[in-house]
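Enquirer: One structure is given below, represented as structure tokens, and several questions about it will come after.
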Amino acid sequence: ASEDKDITSDIINFASNDACSKPWECLYEATCASWTLAWYTYRQSFEARWSKEEVVDRTGTLNPGTFLGYCSGSGRAGYTPAALYDPISNYSCPAYGESLTLSYSSVSTVSISYSDAVGHVCSLSLVSSSASKPVARSYDMREWEIGAGEVASSLISPTCSSNETTCTFTNLPVPAASESYVLTSYYHEGYGKDADAARFLEQVTFGPTKDGIDSLVLTGDSNKADYES
């Protein structure tokens, strides 16, 4: 075990070269090519030691003489993560009215628990300073479902386990430096117009506000009055 820990530390230290980009950034730099090749050679031997080499896709075409097939394109999105470093990050929905930012990178598989009660809605969004884009949601103790929009449209449905009441996402796009995946919980209860409006807004906006509920109820009452008159 001590030897294995030393090998892991060696790999981390091996990547500490301030003169060059990190190898997993897949940025070809001629002056750093020999150092980058040495790192990927080291990674390959490490995976072979752990019997992981055969499950890693090494068909990347970006400078294969340097990146050894581990890079399909420039930037971290083009990097093929090591099989050993593909952990599942487990998350639970935050408390009602609160949000939780996910620590997500290209090497993570994300598992998220269901909504835990009737009336509880938990949403996953890709958030930046200028926009919040819906990704998926779970509500009333149901499995996670993919939403609509430019982010959600590129996703496949998560794999869900009714025994563990979780769903696992394996193909979330890697967020840009200015973006984060955020879980948000909120709760609605009761019946009548306010509850109906809340449920409708959950479907179309991933989260109602009091102003939105009041506006929708008022619009519905007005339209009904116009129709009946």
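Each chain in the structure tokens gets a letter, A, B, ..., in the order shown, and its residues are numbered from 1; ligands are numbered from 1 in order too.
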With a distance cut-off of 12 Å and only C-alpha atoms, select the neighbouring residues of A:Ala30, excluding the residue or stretch itself and same-chain residues fewer than 3 positions from it, and output the selection as a list in words.

Expert: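 Residues meeting the cut-off are Cys20, Ser21, Leu27, Ala33, Ser34, Trp35, Thr36, Leu37, Asn63, Gly65 and Thr66 of chain A.
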
Enquirer: Would you write out those residues with C-alpha atoms, as an mmCIF file, in the first residue's frame?

Expert:
data_model
loop_
_atom_site.group_PDB
_atom_site.id
_atom_site.type_symbol
_atom_site.label_atom_id
_atom_site.label_comp_id
_atom_site.auth_asym_id
_atom_site.auth_seq_id
_atom_site.Cartn_x
_atom_site.Cartn_y
_atom_site.Cartn_z
ATOM 1 C CA CYS A 20 4.456 24.027 -19.490
ATOM 2 C CA SER A 21 0.699 23.564 -19.565
ATOM 3 C CA LEU A 27 -2.283 21.896 -25.532
ATOM 4 C CA ALA A 33 6.682 18.053 -26.198
ATOM 5 C CA SER A 34 9.344 15.749 -24.738
ATOM 6 C CA TRP A 35 8.199 16.456 -21.162
ATOM 7 C CA THR A 36 4.525 15.925 -22.107
ATOM 8 C CA LEU A 37 5.387 12.647 -23.855
ATOM 9 C CA ASN A 63 -0.462 14.882 -31.956
ATOM 10 C CA GLY A 65 3.281 11.100 -31.037
ATOM 11 C CA THR A 66 3.127 13.359 -27.971
#

Enquirer: Ranking A:Ala176, A:Ala19, A:Ala82, A:Leu218 by minimum distance to A:Ala48 and counting only C-alpha atoms, which one comes first?

Expert: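 The closest residue to A:Ala48 is A:Ala82.
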
Enquirer: What's the 8 Å shell around A:Thr80, counting only C-alpha atoms, without same-chain residues fewer than 2 positions away, as a ChimeraX atom specification?

Expert: /A:56-58,70-72,78,82

Enquirer: Suppose you want the space between atom CA of A:Ile112 and atom CA of A:Glu150; what is it in Å?

Expert: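 So the answer is 21.2 Å.
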
Enquirer: Among stretch 4-185 of chain A, which ones does DSSP place in strand (DSSP E), written as a ChimeraX atom specification?

Expert: /A:88-91,99-101,109-113,120-127,132-139,145-146,159-161,166-169,180-185

Enquirer: Between atom CA of A:Trp24 and atom CA of A:Val110, what distance in Å does the model show, to one decimal?

Expert: 20.4 Å
